[in-house]
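Colleague: What follows is target05.txt, compact mmCIF, N, CA and C atoms.
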# COMPACT_ATOMS: atom_id res chain seq x y z
N MET A 1412 46.72 -7.37 49.73
CA MET A 1412 46.79 -6.65 48.47
C MET A 1412 45.41 -6.62 47.82
N GLY A 1413 45.13 -5.53 47.16
CA GLY A 1413 43.86 -5.38 46.49
C GLY A 1413 43.95 -5.78 45.03
N ASN A 1414 42.81 -5.80 44.40
CA ASN A 1414 42.78 -6.11 42.97
C ASN A 1414 43.09 -4.87 42.15
N ILE A 1415 43.79 -5.07 41.06
CA ILE A 1415 44.06 -3.98 40.13
C ILE A 1415 43.19 -4.23 38.91
N ARG A 1416 42.31 -3.29 38.61
CA ARG A 1416 41.39 -3.46 37.51
C ARG A 1416 41.80 -2.60 36.32
N GLN A 1417 41.44 -3.05 35.14
CA GLN A 1417 41.75 -2.32 33.93
C GLN A 1417 40.93 -1.04 33.88
N THR A 1418 41.48 -0.05 33.17
CA THR A 1418 40.81 1.25 33.13
C THR A 1418 39.47 1.19 32.41
N TYR A 1419 39.30 0.29 31.44
CA TYR A 1419 38.01 0.23 30.76
C TYR A 1419 36.93 -0.30 31.69
N ILE A 1420 37.28 -1.18 32.62
CA ILE A 1420 36.30 -1.65 33.61
C ILE A 1420 35.90 -0.49 34.52
N LYS A 1421 36.88 0.27 34.96
CA LYS A 1421 36.61 1.41 35.82
C LYS A 1421 35.77 2.46 35.10
N ASN A 1422 36.10 2.74 33.84
CA ASN A 1422 35.36 3.76 33.08
C ASN A 1422 33.91 3.36 32.86
N ILE A 1423 33.67 2.10 32.52
CA ILE A 1423 32.30 1.63 32.32
C ILE A 1423 31.52 1.71 33.63
N ALA A 1424 32.15 1.29 34.72
CA ALA A 1424 31.48 1.31 36.03
C ALA A 1424 31.13 2.73 36.45
N ILE A 1425 32.05 3.66 36.27
CA ILE A 1425 31.80 5.05 36.65
C ILE A 1425 30.70 5.65 35.79
N ASP A 1426 30.70 5.35 34.49
CA ASP A 1426 29.63 5.83 33.61
C ASP A 1426 28.27 5.28 34.03
N LEU A 1427 28.23 4.00 34.40
CA LEU A 1427 26.97 3.42 34.86
C LEU A 1427 26.48 4.10 36.13
N LEU A 1428 27.39 4.39 37.04
CA LEU A 1428 27.00 5.06 38.28
C LEU A 1428 26.48 6.47 38.02
N LYS A 1429 27.08 7.17 37.07
CA LYS A 1429 26.64 8.52 36.77
C LYS A 1429 25.26 8.53 36.12
N LYS A 1430 25.02 7.59 35.20
CA LYS A 1430 23.77 7.59 34.44
C LYS A 1430 22.63 6.87 35.15
N TYR A 1431 22.94 5.75 35.82
CA TYR A 1431 21.88 4.89 36.36
C TYR A 1431 22.08 4.63 37.85
N SER A 1432 22.38 5.64 38.61
CA SER A 1432 22.66 5.44 40.03
C SER A 1432 21.43 4.96 40.81
N LYS A 1433 20.24 5.25 40.33
CA LYS A 1433 19.03 4.83 41.04
C LYS A 1433 18.71 3.35 40.81
N ASP A 1434 19.25 2.76 39.74
CA ASP A 1434 18.98 1.36 39.44
C ASP A 1434 19.93 0.40 40.17
N ILE A 1435 21.03 0.92 40.68
CA ILE A 1435 22.07 0.09 41.29
C ILE A 1435 21.92 0.14 42.80
N ILE A 1436 22.02 -1.03 43.44
CA ILE A 1436 21.80 -1.14 44.88
C ILE A 1436 23.14 -1.34 45.59
N VAL A 1437 23.31 -0.65 46.72
CA VAL A 1437 24.55 -0.74 47.50
C VAL A 1437 24.63 -2.12 48.14
N GLY A 1438 25.75 -2.81 47.92
CA GLY A 1438 26.02 -4.08 48.58
C GLY A 1438 25.30 -5.29 48.02
N ASP A 1439 24.57 -5.15 46.93
CA ASP A 1439 23.84 -6.28 46.35
C ASP A 1439 24.46 -6.63 45.00
N TYR A 1440 25.44 -7.51 45.04
CA TYR A 1440 26.19 -7.88 43.84
C TYR A 1440 25.31 -8.57 42.81
N GLN A 1441 24.45 -9.48 43.24
CA GLN A 1441 23.61 -10.24 42.31
C GLN A 1441 22.67 -9.32 41.53
N HIS A 1442 22.08 -8.37 42.21
CA HIS A 1442 21.19 -7.41 41.54
C HIS A 1442 21.99 -6.54 40.56
N ASN A 1443 23.16 -6.09 41.00
CA ASN A 1443 23.99 -5.24 40.15
C ASN A 1443 24.48 -5.98 38.92
N LYS A 1444 24.72 -7.27 39.06
CA LYS A 1444 25.16 -8.08 37.92
C LYS A 1444 24.08 -8.13 36.85
N VAL A 1445 22.84 -8.28 37.27
CA VAL A 1445 21.72 -8.29 36.33
C VAL A 1445 21.56 -6.92 35.67
N LYS A 1446 21.69 -5.87 36.45
CA LYS A 1446 21.54 -4.52 35.91
C LYS A 1446 22.65 -4.19 34.92
N VAL A 1447 23.88 -4.62 35.19
CA VAL A 1447 24.97 -4.38 34.26
C VAL A 1447 24.70 -5.09 32.94
N ALA A 1448 24.15 -6.29 33.00
CA ALA A 1448 23.81 -7.02 31.78
C ALA A 1448 22.71 -6.31 31.00
N GLU A 1449 21.75 -5.71 31.70
CA GLU A 1449 20.66 -5.00 31.03
C GLU A 1449 21.11 -3.67 30.44
N LEU A 1450 21.96 -2.95 31.15
CA LEU A 1450 22.30 -1.58 30.77
C LEU A 1450 23.47 -1.47 29.81
N THR A 1451 24.23 -2.55 29.63
CA THR A 1451 25.38 -2.50 28.73
C THR A 1451 25.22 -3.58 27.66
N ASN A 1452 26.10 -3.54 26.70
CA ASN A 1452 26.09 -4.56 25.66
C ASN A 1452 27.31 -5.48 25.80
N VAL A 1453 27.73 -5.73 27.03
CA VAL A 1453 28.87 -6.59 27.30
C VAL A 1453 28.44 -8.04 27.08
N LYS A 1454 29.18 -8.75 26.25
CA LYS A 1454 28.83 -10.14 25.95
C LYS A 1454 29.59 -11.13 26.81
N SER A 1455 30.70 -10.72 27.34
CA SER A 1455 31.52 -11.61 28.15
C SER A 1455 31.00 -11.66 29.59
N LYS A 1456 30.80 -12.88 30.07
CA LYS A 1456 30.31 -13.06 31.43
C LYS A 1456 31.36 -12.60 32.44
N LEU A 1457 32.62 -12.87 32.17
CA LEU A 1457 33.71 -12.46 33.06
C LEU A 1457 33.79 -10.94 33.17
N LEU A 1458 33.70 -10.26 32.06
CA LEU A 1458 33.75 -8.80 32.06
C LEU A 1458 32.55 -8.20 32.78
N ARG A 1459 31.37 -8.77 32.54
CA ARG A 1459 30.16 -8.30 33.22
C ARG A 1459 30.29 -8.45 34.73
N ASN A 1460 30.81 -9.58 35.18
CA ASN A 1460 30.98 -9.81 36.61
C ASN A 1460 32.00 -8.87 37.22
N ARG A 1461 33.06 -8.58 36.50
CA ARG A 1461 34.07 -7.66 37.02
C ARG A 1461 33.53 -6.24 37.13
N ILE A 1462 32.75 -5.82 36.15
CA ILE A 1462 32.14 -4.49 36.20
C ILE A 1462 31.15 -4.41 37.37
N ALA A 1463 30.33 -5.43 37.53
CA ALA A 1463 29.35 -5.45 38.63
C ALA A 1463 30.06 -5.45 39.98
N GLY A 1464 31.14 -6.18 40.09
CA GLY A 1464 31.89 -6.21 41.35
C GLY A 1464 32.50 -4.86 41.66
N TYR A 1465 33.02 -4.20 40.65
CA TYR A 1465 33.63 -2.89 40.87
C TYR A 1465 32.57 -1.85 41.23
N VAL A 1466 31.42 -1.91 40.59
CA VAL A 1466 30.32 -0.99 40.91
C VAL A 1466 29.88 -1.19 42.36
N THR A 1467 29.74 -2.44 42.78
CA THR A 1467 29.32 -2.74 44.14
C THR A 1467 30.36 -2.25 45.14
N LYS A 1468 31.63 -2.45 44.83
CA LYS A 1468 32.70 -2.01 45.72
C LYS A 1468 32.74 -0.48 45.81
N LEU A 1469 32.57 0.19 44.69
CA LEU A 1469 32.56 1.65 44.69
C LEU A 1469 31.43 2.20 45.55
N LEU A 1470 30.25 1.66 45.37
CA LEU A 1470 29.10 2.14 46.14
C LEU A 1470 29.28 1.87 47.63
N SER A 1471 29.85 0.73 47.98
CA SER A 1471 30.08 0.41 49.39
C SER A 1471 31.07 1.37 50.02
N SER A 1472 32.14 1.69 49.28
CA SER A 1472 33.14 2.60 49.83
C SER A 1472 32.59 4.02 49.94
N ILE A 1473 31.75 4.43 48.99
CA ILE A 1473 31.12 5.75 49.07
C ILE A 1473 30.18 5.82 50.27
N LYS A 1474 29.42 4.75 50.50
CA LYS A 1474 28.50 4.71 51.63
C LYS A 1474 29.27 4.78 52.95
N LYS A 1475 30.37 4.02 53.08
CA LYS A 1475 31.17 4.04 54.30
C LYS A 1475 31.76 5.42 54.54
N ARG A 1476 32.27 6.05 53.50
CA ARG A 1476 32.86 7.36 53.62
C ARG A 1476 31.82 8.39 54.05
N HIS A 1477 30.61 8.27 53.50
CA HIS A 1477 29.52 9.18 53.85
C HIS A 1477 29.10 8.99 55.30
N GLU A 1478 29.06 7.75 55.78
CA GLU A 1478 28.71 7.49 57.17
C GLU A 1478 29.76 8.03 58.13
N CYS A 1479 31.02 7.96 57.74
CA CYS A 1479 32.09 8.49 58.59
C CYS A 1479 32.04 10.02 58.66
N ASP A 1480 31.63 10.64 57.56
CA ASP A 1480 31.54 12.10 57.54
C ASP A 1480 30.41 12.61 58.43
N LEU A 1481 29.38 11.80 58.59
CA LEU A 1481 28.23 12.21 59.40
C LEU A 1481 28.51 12.13 60.90
N LYS A 1482 29.49 11.35 61.30
CA LYS A 1482 29.78 11.19 62.73
C LYS A 1482 30.54 12.35 63.30
Now, as a test, write the supplied structure out as structure tokens.
Modeller:
Amino acid sequence: MGNIRQTYIKNIAIDLLKKYSKDIIVGDYQHNKVKVAELTNVKSKLLRNRIAGYVTKLLSSIKKRHECDLK
């Protein structure tokens, strides 16, 4: 079973990807965690980590899908 995330986590992550896609690295959770802290005003460490995890997962799935399309 996968994780079910709240819609506000998904919305923030998607907005970050749309605005700052060049600052976020595919598959690098630690870097993305720092960037989420810099680019948002989230004060909760738990919320920041969940957003960074979702951003990393989204980018990884997009990369995999793109690689499959090229084959």
Colleague: Which residue out of A:Val1445, A:Cys1479, A:Val1466, A:Ile1415 has the minimum interatomic distance to Leu1428 (chain A) when all atoms listed in the file are used?
Modeller: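 So, comparing all the options, the nearest one is A:Val1466.
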Colleague: So which residues of chain A fall under alpha helix (DSSP H) by DSSP, listed as a ChimeraX atom specification?
Modeller: /A:1418-1430,1440-1450,1456-1481
Colleague: I'd like the contact shell of Asp1434 (chain A) - 12 Å cut-off, only C-alpha atoms, skipping same-chain residues fewer than 2 positions apart - returned as a PyMOL selection string.
Modeller: chain A and resi 1427-1432+1436-1437+1439+1442-1447+1449-1450+1466
Colleague: Would you compute the distance between CA of Ile1473 (chain A) and CA of Ser1455 (chain A)? Give it in Å to one decimal.
Modeller: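 Straight-line distance from CA of Ile1473 (chain A) to CA of Ser1455 (chain A) works out to 27.2 Å.
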Colleague: Of the residues A:Leu1469, A:Leu1458, A:Ala1448, A:Ile1435, which is the one nearest to Tyr1419 (chain A), using only C-alpha atoms?
Modeller: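 Of A:Leu1469, A:Leu1458, A:Ala1448, A:Ile1435, the one nearest Tyr1419 (chain A) is A:Leu1458, counting only C-alpha atoms.
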Colleague: Kindly compute an axis-aligned box around the listed atoms of region 1466-1479 of chain A, allowing 4 Å on each side, and express its centre and edge lengths in Å to one decimal as AutoDock Vina command-line options.
Modeller:
--center_x 30.8 --center_y 3.6 --center_z 49.6 --size_x 12.6 --size_y 20.8 --size_z 26.1
